[in-house]
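Novice: Coordinates in run-v1.cif, mmCIF, C-alpha atoms, are listed below.
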data_my_file
#
loop_
_atom_site.label_atom_id
_atom_site.label_comp_id
_atom_site.auth_asym_id
_atom_site.auth_seq_id
_atom_site.Cartn_x
_atom_site.Cartn_y
_atom_site.Cartn_z
CA MET A 1 13.21 19.31 -14.81
CA LEU A 2 15.96 18.25 -12.43
CA GLU A 3 18.92 20.57 -12.01
CA LYS A 4 20.85 17.97 -10.02
CA PHE A 5 20.26 14.23 -10.08
CA GLU A 6 20.10 12.24 -6.87
CA PRO A 7 19.77 8.43 -6.98
CA LEU A 8 16.29 7.06 -7.48
CA ASN A 9 15.20 5.56 -4.16
CA ILE A 10 12.65 2.74 -4.16
CA GLY A 11 11.10 1.29 -1.02
CA VAL A 12 9.36 -2.06 -1.30
CA THR A 13 7.72 -4.31 1.24
CA SER A 14 8.67 -7.96 1.43
CA ARG A 15 5.16 -9.01 0.29
CA ALA A 16 5.41 -6.79 -2.81
CA LEU A 17 8.86 -8.10 -3.72
CA PHE A 18 8.18 -11.78 -3.00
CA ASP A 19 5.16 -14.06 -3.06
CA LEU A 20 4.35 -14.25 0.65
CA GLU A 21 0.60 -14.82 0.35
CA LYS A 22 0.85 -18.24 2.04
CA GLU A 23 2.78 -16.73 4.92
CA HIS A 24 0.33 -13.81 5.11
CA GLU A 25 -2.56 -16.26 5.48
CA ILE A 26 -0.69 -17.99 8.33
CA PHE A 27 -0.30 -14.62 10.04
CA LYS A 28 -3.99 -13.71 9.60
CA ASN A 29 -5.39 -17.09 10.62
CA GLN A 30 -2.89 -18.38 13.18
CA GLY A 31 -1.19 -15.30 14.58
CA TYR A 32 2.30 -13.90 14.79
CA LYS A 33 3.92 -16.84 16.60
CA ALA A 34 2.89 -19.31 13.91
CA TYR A 35 4.08 -16.88 11.24
CA ARG A 36 7.40 -16.37 13.03
CA ASP A 37 7.95 -20.10 13.50
CA HIS A 38 7.17 -20.74 9.82
CA GLN A 39 9.60 -18.07 8.63
CA LEU A 40 12.40 -19.26 10.89
CA THR A 41 11.86 -22.89 9.88
CA HIS A 42 12.07 -21.88 6.21
CA VAL A 43 14.71 -19.17 6.56
CA ASP A 44 16.96 -20.87 3.99
CA ASP A 45 14.15 -21.67 1.55
CA CYS A 46 14.24 -19.20 -1.32
CA LEU A 47 11.05 -17.22 -1.79
CA THR A 48 9.25 -17.07 -5.13
CA PRO A 49 9.49 -13.68 -6.88
CA GLY A 50 6.44 -11.49 -6.38
CA VAL A 51 4.69 -8.95 -8.58
CA ALA A 52 7.29 -6.20 -8.10
CA PHE A 53 10.32 -8.45 -8.57
CA PRO A 54 10.83 -8.13 -12.37
CA PHE A 55 10.54 -4.34 -12.14
CA ILE A 56 12.96 -4.07 -9.21
CA SER A 57 15.43 -6.51 -10.76
CA ARG A 58 15.64 -4.67 -14.06
CA LEU A 59 15.69 -1.27 -12.39
CA LEU A 60 18.76 -2.24 -10.39
CA ARG A 61 20.56 -3.25 -13.61
CA LEU A 62 20.71 0.43 -14.51
CA ASN A 63 23.51 0.79 -11.96
CA THR A 64 25.68 -1.45 -14.13
CA LEU A 65 24.67 0.37 -17.30
CA PHE A 66 25.51 3.82 -15.92
CA GLY A 67 28.59 2.61 -14.04
CA LYS A 68 27.45 4.19 -10.78
CA THR A 69 24.61 4.05 -8.29
CA VAL A 70 21.58 5.63 -9.94
CA VAL A 71 19.03 3.37 -8.21
CA ARG A 72 18.82 2.26 -4.58
CA VAL A 73 16.25 -0.23 -3.28
CA SER A 74 15.30 -0.71 0.36
CA VAL A 75 13.06 -3.40 1.84
CA ILE A 76 10.74 -1.65 4.31
CA SER A 77 8.81 -4.05 6.49
CA LYS A 78 6.95 -4.33 9.78
CA ASN A 79 8.55 -7.75 10.21
CA SER A 80 11.19 -8.31 12.84
CA PRO A 81 14.80 -8.61 11.63
CA GLU A 82 14.84 -12.34 12.34
CA THR A 83 11.74 -13.05 10.24
CA GLY A 84 13.01 -10.64 7.60
CA GLN A 85 16.23 -12.61 7.20
CA ARG A 86 14.53 -14.93 4.73
CA VAL A 87 13.99 -11.94 2.43
CA PHE A 88 17.69 -11.06 2.30
CA ASN A 89 18.65 -14.72 1.92
CA SER A 90 16.30 -14.92 -1.06
CA CYS A 91 17.72 -11.70 -2.55
CA ARG A 92 21.21 -13.20 -2.42
CA GLU A 93 20.11 -16.51 -3.94
CA LEU A 94 18.30 -14.72 -6.77
CA ASN A 95 21.21 -12.31 -7.38
CA LEU A 96 19.11 -9.28 -6.50
CA PRO A 97 21.51 -6.62 -5.16
CA VAL A 98 19.32 -5.23 -2.38
CA HIS A 99 21.42 -4.26 0.62
CA MET A 100 19.27 -1.73 2.49
CA GLY A 101 16.32 -2.46 4.73
CA ALA A 102 14.19 -1.33 7.64
CA PHE A 103 12.53 -4.01 9.78
CA THR A 104 10.43 -2.28 12.43
CA SER A 105 9.08 -5.23 14.45
CA GLY A 106 5.51 -4.05 14.12
CA GLN A 107 6.12 -0.31 14.42
CA PRO A 108 4.74 2.05 11.72
CA THR A 109 6.82 2.34 8.56
CA LEU A 110 5.48 5.68 7.30
CA GLY A 111 8.41 7.64 8.72
CA MET A 112 10.87 5.51 6.77
CA ILE A 113 9.66 7.02 3.48
CA ASP A 114 11.04 10.44 4.37
CA ALA A 115 14.03 9.11 6.31
CA MET A 116 15.19 7.07 3.32
CA LYS A 117 14.20 9.74 0.76
CA ILE A 118 11.90 7.29 -1.01
CA ASP A 119 10.64 8.30 -4.47
CA LEU A 120 8.31 5.29 -4.73
CA PHE A 121 7.02 3.03 -1.97
CA LEU A 122 5.42 -0.23 -3.11
CA SER A 123 3.31 -2.23 -0.69
CA ALA A 124 0.75 -5.03 -0.88
CA ASN A 125 -1.13 -3.65 2.15
CA PRO A 126 -4.02 -1.29 1.20
CA ASP A 127 -4.09 0.41 4.60
CA THR A 128 -0.36 1.16 4.47
CA VAL A 129 -0.65 2.68 0.99
CA ASN A 130 -3.79 4.64 1.88
CA GLU A 131 -2.03 6.18 4.89
CA ALA A 132 1.05 7.03 2.85
CA ILE A 133 -0.92 8.73 0.06
CA ALA A 134 -3.04 10.62 2.64
CA ASN A 135 0.20 12.01 4.05
CA GLY A 136 1.48 13.10 0.65
CA LYS A 137 3.93 10.22 0.16
CA PRO A 138 4.67 8.61 -3.24
CA ALA A 139 3.12 5.20 -2.70
CA GLY A 140 1.43 2.52 -4.75
CA LEU A 141 -0.50 -0.65 -4.01
CA ILE A 142 0.83 -3.79 -5.67
CA MET A 143 -2.17 -5.63 -7.12
CA HIS A 144 -1.79 -9.28 -6.22
CA ALA A 145 -2.74 -11.75 -8.93
CA GLN A 146 -2.95 -15.49 -8.36
CA HIS A 147 -1.64 -16.60 -11.76
CA LEU A 148 0.24 -13.58 -13.04
CA PRO A 149 3.06 -14.68 -15.37
CA LEU A 150 6.23 -13.36 -13.77
CA ALA A 151 8.90 -15.04 -15.87
CA ASP A 152 11.37 -12.53 -17.30
CA GLU A 153 12.57 -12.63 -20.87
CA GLU A 154 16.04 -12.51 -22.32
CA GLU A 155 18.65 -10.66 -20.32
CA ASP A 156 19.20 -7.82 -22.80
CA SER A 157 15.56 -6.77 -23.28
CA PRO A 158 14.77 -3.29 -21.92
CA LEU A 159 12.97 -2.40 -18.72
CA ARG A 160 9.46 -1.31 -19.68
CA ILE A 161 7.43 1.01 -17.44
CA ALA A 162 3.92 2.27 -18.24
CA PHE A 163 2.14 5.15 -16.52
CA ASP A 164 -1.32 6.60 -16.60
CA PHE A 165 -1.05 10.40 -16.63
CA ASP A 166 -3.79 12.13 -14.62
CA GLY A 167 -3.65 11.31 -10.91
CA VAL A 168 -0.26 9.61 -11.27
CA ILE A 169 2.29 11.86 -13.00
CA ALA A 170 0.07 14.94 -12.83
CA ASP A 171 -2.48 15.91 -10.20
CA ASP A 172 -6.17 15.18 -10.75
CA GLU A 173 -7.30 18.74 -11.56
CA SER A 174 -8.33 17.78 -15.08
CA GLU A 175 -9.99 14.54 -14.01
CA ARG A 176 -12.09 16.50 -11.52
CA CYS A 177 -13.13 18.80 -14.33
CA TYR A 178 -14.12 15.80 -16.45
CA GLN A 179 -16.21 14.33 -13.63
CA GLN A 180 -17.97 17.66 -13.01
CA GLU A 181 -18.37 19.04 -16.55
CA GLY A 182 -18.20 16.04 -18.85
CA LEU A 183 -16.03 15.50 -21.91
CA ASP A 184 -16.81 18.83 -23.60
CA GLY A 185 -16.03 20.77 -20.44
CA PHE A 186 -12.85 18.77 -19.94
CA ASN A 187 -11.63 19.44 -23.50
CA ALA A 188 -12.40 23.15 -23.21
CA HIS A 189 -10.55 23.29 -19.87
CA GLU A 190 -7.47 21.59 -21.29
CA GLN A 191 -7.41 23.68 -24.45
CA ALA A 192 -7.66 26.90 -22.42
CA LYS A 193 -4.69 25.76 -20.31
CA ALA A 194 -2.73 24.15 -23.13
CA GLN A 195 0.45 26.13 -22.32
CA ILE A 196 0.18 25.74 -18.53
CA PRO A 197 1.88 22.61 -17.15
CA HIS A 198 -0.05 20.44 -14.74
CA GLN A 199 0.79 20.46 -11.06
CA PRO A 200 2.74 17.35 -10.01
CA GLY A 201 1.03 14.12 -9.07
CA PRO A 202 2.09 11.57 -6.43
CA LEU A 203 4.71 9.91 -8.66
CA ALA A 204 6.09 13.11 -10.18
CA MET A 205 9.58 12.78 -8.67
CA LEU A 206 9.84 9.15 -9.76
CA PHE A 207 8.94 10.22 -13.30
CA LYS A 208 11.39 13.15 -13.23
CA LYS A 209 14.27 10.91 -12.24
CA LEU A 210 13.37 8.29 -14.82
CA SER A 211 13.14 10.97 -17.51
CA PHE A 212 16.56 12.30 -16.51
CA LEU A 213 18.06 8.82 -16.81
CA GLN A 214 16.32 8.20 -20.11
CA ASN A 215 17.66 11.47 -21.51
CA GLN A 216 21.15 10.37 -20.48
CA GLU A 217 20.50 7.05 -22.20
CA VAL A 218 19.30 8.77 -25.38
CA SER A 219 22.53 10.79 -25.47
CA ARG A 220 24.58 7.63 -24.97
CA LEU A 221 22.86 5.86 -27.84
CA ALA A 222 23.16 8.89 -30.12
CA SER A 223 26.92 9.10 -29.59
CA SER A 224 27.50 5.38 -30.07
CA THR A 225 28.77 3.95 -33.34
CA GLY A 226 27.34 0.52 -32.55
CA ASP A 227 23.82 -0.84 -32.84
CA LEU A 228 22.87 -0.43 -29.18
CA GLN A 229 19.41 -1.10 -27.81
CA PRO A 230 17.82 1.20 -25.21
CA ALA A 231 18.06 0.00 -21.64
CA PHE A 232 14.52 1.03 -20.80
CA ARG A 233 11.29 2.30 -22.30
CA ILE A 234 8.79 4.63 -20.64
CA ALA A 235 5.22 4.76 -21.89
CA ILE A 236 2.25 6.93 -20.97
CA VAL A 237 -1.04 5.16 -21.58
CA THR A 238 -3.92 7.58 -21.13
CA ALA A 239 -7.64 7.56 -21.82
CA ARG A 240 -7.28 11.11 -23.18
CA GLY A 241 -7.87 11.78 -26.85
CA ALA A 242 -5.93 14.02 -29.24
CA SER A 243 -8.16 17.02 -28.45
CA SER A 244 -6.65 17.22 -24.95
CA CYS A 245 -3.09 16.18 -25.73
CA GLU A 246 -1.40 19.59 -25.99
CA ARG A 247 -1.36 20.37 -22.27
CA LEU A 248 -0.06 16.90 -21.49
CA MET A 249 2.79 17.42 -23.93
CA THR A 250 3.49 20.89 -22.50
CA THR A 251 3.80 19.28 -19.07
CA LEU A 252 6.17 16.57 -20.26
CA ARG A 253 8.37 19.08 -22.07
CA GLU A 254 8.50 21.89 -19.50
CA ALA A 255 8.15 20.07 -16.19
CA TYR A 256 9.99 16.84 -16.96
CA GLY A 257 12.25 17.47 -19.94
CA MET A 258 11.05 14.21 -21.42
CA ARG A 259 12.47 13.46 -24.87
CA ALA A 260 11.80 9.82 -25.58
CA VAL A 261 8.58 8.86 -23.83
CA GLU A 262 6.07 6.77 -25.77
CA LEU A 263 2.60 8.36 -25.77
CA TYR A 264 -0.61 6.40 -26.32
CA PHE A 265 -3.85 8.43 -26.47
CA LEU A 266 -6.68 5.90 -26.34
CA ASP A 267 -9.65 8.30 -26.43
CA GLY A 268 -11.59 6.24 -23.90
CA LEU A 269 -10.78 2.77 -25.26
CA ASP A 270 -9.87 -0.14 -22.99
CA LYS A 271 -6.20 0.01 -22.00
CA LEU A 272 -5.61 -3.72 -21.60
CA PRO A 273 -5.01 -4.72 -25.28
CA LEU A 274 -2.38 -2.02 -25.66
CA LEU A 275 -0.76 -2.90 -22.33
CA GLU A 276 -0.52 -6.53 -23.41
CA SER A 277 1.19 -5.36 -26.60
CA ILE A 278 3.71 -3.24 -24.68
CA SER A 279 4.08 -5.89 -21.94
CA PRO A 280 5.42 -3.55 -19.26
CA HIS A 281 7.24 -4.87 -16.22
CA ILE A 282 4.98 -2.56 -14.22
CA PHE A 283 1.98 -0.31 -14.88
CA PHE A 284 0.80 2.56 -12.64
CA ASP A 285 -2.80 3.82 -12.71
CA ASP A 286 -5.00 5.73 -10.25
CA GLN A 287 -8.26 4.00 -11.24
CA TYR A 288 -9.08 0.55 -9.92
CA CYS A 289 -11.46 -0.03 -12.84
CA HIS A 290 -8.47 0.07 -15.21
CA LEU A 291 -6.51 -2.40 -13.10
CA LYS A 292 -9.16 -4.90 -12.06
CA GLU A 293 -8.70 -6.99 -15.19
CA ALA A 294 -5.24 -5.83 -16.23
CA SER A 295 -3.64 -6.88 -12.93
CA GLY A 296 -4.24 -10.54 -13.79
CA ARG A 297 -2.07 -10.18 -16.90
CA ILE A 298 0.23 -7.20 -16.29
CA PRO A 299 2.16 -6.37 -13.08
CA SER A 300 0.04 -3.49 -11.85
CA VAL A 301 0.14 -0.79 -9.17
CA LEU A 302 -2.82 1.24 -7.95
CA VAL A 303 -1.97 4.82 -6.98
CA PRO A 304 -5.00 5.70 -4.82
CA PHE A 305 -4.88 9.46 -5.27
CA GLY A 306 -7.48 12.18 -5.56
CA ILE A 307 -10.98 11.88 -6.90
CA HIS A 308 -10.85 8.14 -7.71
CA LYS A 309 -9.44 7.07 -4.36
CA GLN A 310 -12.79 5.91 -3.01
CA GLN A 311 -13.24 3.46 -5.90
CA PHE A 312 -11.00 1.10 -3.99
CA PHE A 313 -11.18 2.24 -0.37
CA ALA A 314 -14.92 2.84 -0.06
#
Is it possible to give me this structure as structure tokens?
Specialist:
Amino acid sequence: MLEKFEPLNIGVTSRALFDLEKEHEIFKNQGYKAYRDHQLTHVDDCLTPGVAFPFISRLLRLNTLFGKTVVRVSVISKNSPETGQRVFNSCRELNLPVHMGAFTSGQPTLGMIDAMKIDLFLSANPDTVNEAIANGKPAGLIMHAQHLPLADEEEDSPLRIAFDFDGVIADDESERCYQQEGLDGFNAHEQAKAQIPHQPGPLAMLFKKLSFLQNQEVSRLASSTGDLQPAFRIAIVTARGASSCERLMTTLREAYGMRAVELYFLDGLDKLPLLESISPHIFFDDQYCHLKEASGRIPSVLVPFGIHKQQFFA
């Protein structure tokens, strides 16, 4: 649990925040000069929101709800400042209050994660995410989808975030046991350690800060005399079954102080139908097999951590 709350810091690349696939193809096929000329020619043309946009937009609304800065978002890009200007122009036109950025003109961006105290770095570049995770940074790969519905709903609906558990919030100790010893060995392992919280996973600090904010929100709603709706919902969607749930719940209670998380134990069933029911603005999972189909319907992020990393990077 957090003893002192610091603002939640999100780093996002321009290609995760906006749909820049056309521009990316220009860069790959025609080179930097053609890409630069295209961006400068279209500097005042507003970009189309990308996969991460609904999540980032709703996350930033929490600053208004709490009446102070609880979330900061930075655009972190290898673009030059001049080609990055289109991103900030688009943020202004779309009323997205992003005011921080790092444009490195081709230099590595890995150091920016520590310098800006980033709790989550979202990128559409697999190599960038792979390098960040390999260096112990909290990164995720935005899964691009050609026809993903990105339209947001009514203004007052809550931000919805869904997480897998093992390899995302927690480390992959238990998943390694499952791969080595099968389901019976996994269940025995978890039952033996039922009162021992898991070690943190790559997105542990993100989850801690979200749980702190949600606990504050729960207190606000409890003290209100009106019929207020929650500002955000956090769900854990795991392939675990009930026989291995106790250690997970011990971890949430003792390591994160989570009071209002939604828990879905699917016991090996496909996650997609439930995800479509929840309709999260973003879903984090460490297994590509869970995201391959889901990413075409749900904004999805691959966290390439631990034992399943080679599923995607092999």
Novice: Give me the residues within 8 Å of stretch 70-85 of chain A as a ChimeraX atom specification, counting all atoms listed in the file and dropping any in the same chain fewer than 2 places off.
Specialist: /A:6-14,36,39-40,43,56,59-60,62-63,66,68,87-89,98-109,112
Novice: Keeping only C-alpha atoms, write those residues as a compact mmCIF listing (two decimals), keeping the file's coordinate frame.
Specialist:
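Wrote part_11.txt, looks like this:
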# COMPACT_ATOMS: atom_id res chain seq x y z
CA GLU A 6 20.10 12.24 -6.87
CA PRO A 7 19.77 8.43 -6.98
CA LEU A 8 16.29 7.06 -7.48
CA ASN A 9 15.20 5.56 -4.16
CA ILE A 10 12.65 2.74 -4.16
CA GLY A 11 11.10 1.29 -1.02
CA VAL A 12 9.36 -2.06 -1.30
CA THR A 13 7.72 -4.31 1.24
CA SER A 14 8.67 -7.96 1.43
CA ARG A 36 7.40 -16.37 13.03
CA GLN A 39 9.60 -18.07 8.63
CA LEU A 40 12.40 -19.26 10.89
CA VAL A 43 14.71 -19.17 6.56
CA ILE A 56 12.96 -4.07 -9.21
CA LEU A 59 15.69 -1.27 -12.39
CA LEU A 60 18.76 -2.24 -10.39
CA LEU A 62 20.71 0.43 -14.51
CA ASN A 63 23.51 0.79 -11.96
CA PHE A 66 25.51 3.82 -15.92
CA LYS A 68 27.45 4.19 -10.78
CA VAL A 87 13.99 -11.94 2.43
CA PHE A 88 17.69 -11.06 2.30
CA ASN A 89 18.65 -14.72 1.92
CA VAL A 98 19.32 -5.23 -2.38
CA HIS A 99 21.42 -4.26 0.62
CA MET A 100 19.27 -1.73 2.49
CA GLY A 101 16.32 -2.46 4.73
CA ALA A 102 14.19 -1.33 7.64
CA PHE A 103 12.53 -4.01 9.78
CA THR A 104 10.43 -2.28 12.43
CA SER A 105 9.08 -5.23 14.45
CA GLY A 106 5.51 -4.05 14.12
CA GLN A 107 6.12 -0.31 14.42
CA PRO A 108 4.74 2.05 11.72
CA THR A 109 6.82 2.34 8.56
CA MET A 112 10.87 5.51 6.77
Novice: Tell me, in Å to one decimal, how far atom CA of A:Asp19 is from atom CA of A:Leu141.
Specialist: 14.6 Å
Novice: Evaluate the PyMOL selection byres ((chain A and resi 260) around 8) against this structure - the residues, as a list in words, please.
Specialist: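 Checked against the file, the PyMOL selection byres ((chain A and resi 260) around 8) matches Gln214, Asn215, Val218, Ile234, Met258, Arg259, Val261 and Glu262 of chain A.
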Novice: Can you turn the PyMOL selection byres ((chain A and resi 18) around 10) into a concrete residue list for this file, as number ranges by chain?
Specialist: A: 12-17, 19-21, 46-53, 87, 90-91
Novice: Run through the PyMOL selection byres ((chain A and resi 176) around 10) on the given coordinates and return the selected residues as a list in words.
Specialist: Asp166, Gly167, Asp171, Asp172, Glu173, Ser174, Glu175, Cys177, Tyr178, Gln179, Gln180, Glu181, Gly182, Phe186, Gly306, Ile307 and His308 of chain A
Novice: Which is closest to A:Glu93 among A:Asp114, A:Glu254, A:Asp45, A:Asp37, if we use only C-alpha atoms?
Specialist: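 Checking each of A:Asp114, A:Glu254, A:Asp45, A:Asp37 against A:Glu93, counting only C-alpha atoms, the winner is A:Asp45.
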Novice: Report the closest atom pair, with its distance in Å rounded to one decimal, for each residue of stretch 125-194 of chain A that has an atom no farther than 12 Å from stretch 270-273 of chain A; count all atoms listed in the file, sort by chain and then rising residue number, and write it as a tab-separated table.
Specialist:
residue	atom	partner	partner_atom	distance
A:Ala162	CA	A:Lys271	CA	11.0
A:Phe163	CA	A:Lys271	CA	11.2
A:Asp164	CA	A:Lys271	CA	9.8
Novice: As an exercise, work out the distance from atom CA of A:Asp286 to atom CA of A:Phe165 in Å and give it to one decimal place.
Specialist: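 Atom-to-atom, atom CA of A:Asp286 and atom CA of A:Phe165 are spaced 8.8 Å apart.
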Novice: Figure out the distance between atom CA of A:Asp267 and atom CA of A:Arg240, please, to one decimal in Å.
Specialist: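 Straight-line distance from atom CA of A:Arg240 to atom CA of A:Asp267 works out to 4.9 Å.
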Novice: As a CSV table (one decimal), in the frame of the given file, could you write out stretch 186-217 of chain A once it has been completed with N, CA and C atoms?
Specialist:
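The resulting selection_20.csv:
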chain,number,residue,atom,x,y,z
A,186,PHE,N,-14.2,19.2,-20.1
A,186,PHE,CA,-12.8,18.8,-19.9
A,186,PHE,C,-12.0,19.3,-21.1
A,187,ASN,N,-12.4,19.0,-22.3
A,187,ASN,CA,-11.6,19.4,-23.5
A,187,ASN,C,-11.4,20.9,-23.5
A,188,ALA,N,-12.5,21.7,-23.2
A,188,ALA,CA,-12.4,23.2,-23.2
A,188,ALA,C,-11.4,23.6,-22.1
A,189,HIS,N,-11.5,23.0,-21.0
A,189,HIS,CA,-10.6,23.3,-19.9
A,189,HIS,C,-9.1,23.1,-20.3
A,190,GLU,N,-8.8,21.9,-20.9
A,190,GLU,CA,-7.5,21.6,-21.3
A,190,GLU,C,-7.0,22.5,-22.4
A,191,GLN,N,-7.8,22.8,-23.3
A,191,GLN,CA,-7.4,23.7,-24.4
A,191,GLN,C,-7.1,25.1,-23.9
A,192,ALA,N,-7.9,25.6,-23.0
A,192,ALA,CA,-7.7,26.9,-22.4
A,192,ALA,C,-6.3,27.0,-21.7
A,193,LYS,N,-5.9,25.8,-21.1
A,193,LYS,CA,-4.7,25.8,-20.3
A,193,LYS,C,-3.6,25.0,-21.0
A,194,ALA,N,-3.6,25.0,-22.3
A,194,ALA,CA,-2.7,24.2,-23.1
A,194,ALA,C,-1.3,24.5,-22.9
A,195,GLN,N,-0.9,25.7,-22.5
A,195,GLN,CA,0.4,26.1,-22.3
A,195,GLN,C,0.8,26.2,-20.8
A,196,ILE,N,-0.1,25.7,-20.0
A,196,ILE,CA,0.2,25.7,-18.5
A,196,ILE,C,0.4,24.3,-18.0
A,197,PRO,N,1.6,24.0,-17.6
A,197,PRO,CA,1.9,22.6,-17.2
A,197,PRO,C,1.0,22.2,-16.0
A,198,HIS,N,0.7,21.0,-15.9
A,198,HIS,CA,0.0,20.4,-14.7
A,198,HIS,C,0.8,20.5,-13.5
A,199,GLN,N,0.1,20.6,-12.3
A,199,GLN,CA,0.8,20.5,-11.1
A,199,GLN,C,1.2,19.0,-10.9
A,200,PRO,N,2.2,18.7,-10.1
A,200,PRO,CA,2.7,17.4,-10.0
A,200,PRO,C,1.8,16.4,-9.3
A,201,GLY,N,1.8,15.2,-9.7
A,201,GLY,CA,1.0,14.1,-9.1
A,201,GLY,C,1.9,13.4,-8.1
A,202,PRO,N,1.4,12.3,-7.5
A,202,PRO,CA,2.1,11.6,-6.4
A,202,PRO,C,3.4,10.9,-6.9
A,203,LEU,N,3.5,10.6,-8.2
A,203,LEU,CA,4.7,9.9,-8.7
A,203,LEU,C,5.5,10.8,-9.5
A,204,ALA,N,5.4,12.1,-9.3
A,204,ALA,CA,6.1,13.1,-10.2
A,204,ALA,C,7.6,13.0,-10.1
A,205,MET,N,8.1,12.9,-8.8
A,205,MET,CA,9.6,12.8,-8.7
A,205,MET,C,10.1,11.5,-9.3
A,206,LEU,N,9.4,10.4,-9.1
A,206,LEU,CA,9.8,9.2,-9.8
A,206,LEU,C,10.0,9.4,-11.3
A,207,PHE,N,8.9,10.0,-11.9
A,207,PHE,CA,8.9,10.2,-13.3
A,207,PHE,C,10.1,11.2,-13.7
A,208,LYS,N,10.3,12.2,-12.9
A,208,LYS,CA,11.4,13.2,-13.2
A,208,LYS,C,12.7,12.4,-13.3
A,209,LYS,N,13.0,11.6,-12.3
A,209,LYS,CA,14.3,10.9,-12.2
A,209,LYS,C,14.4,9.9,-13.4
A,210,LEU,N,13.3,9.2,-13.7
A,210,LEU,CA,13.4,8.3,-14.8
A,210,LEU,C,13.6,9.0,-16.1
A,211,SER,N,13.0,10.2,-16.3
A,211,SER,CA,13.1,11.0,-17.5
A,211,SER,C,14.6,11.5,-17.6
A,212,PHE,N,15.2,11.9,-16.5
A,212,PHE,CA,16.6,12.3,-16.5
A,212,PHE,C,17.5,11.2,-17.0
A,213,LEU,N,17.2,10.0,-16.4
A,213,LEU,CA,18.1,8.8,-16.8
A,213,LEU,C,17.8,8.4,-18.3
A,214,GLN,N,16.6,8.5,-18.7
A,214,GLN,CA,16.3,8.2,-20.1
A,214,GLN,C,17.0,9.2,-21.0
A,215,ASN,N,17.0,10.5,-20.7
A,215,ASN,CA,17.7,11.5,-21.5
A,215,ASN,C,19.2,11.2,-21.6
A,216,GLN,N,19.7,10.8,-20.5
A,216,GLN,CA,21.2,10.4,-20.5
A,216,GLN,C,21.4,9.2,-21.4
A,217,GLU,N,20.4,8.3,-21.4
A,217,GLU,CA,20.5,7.0,-22.2
A,217,GLU,C,20.4,7.4,-23.7
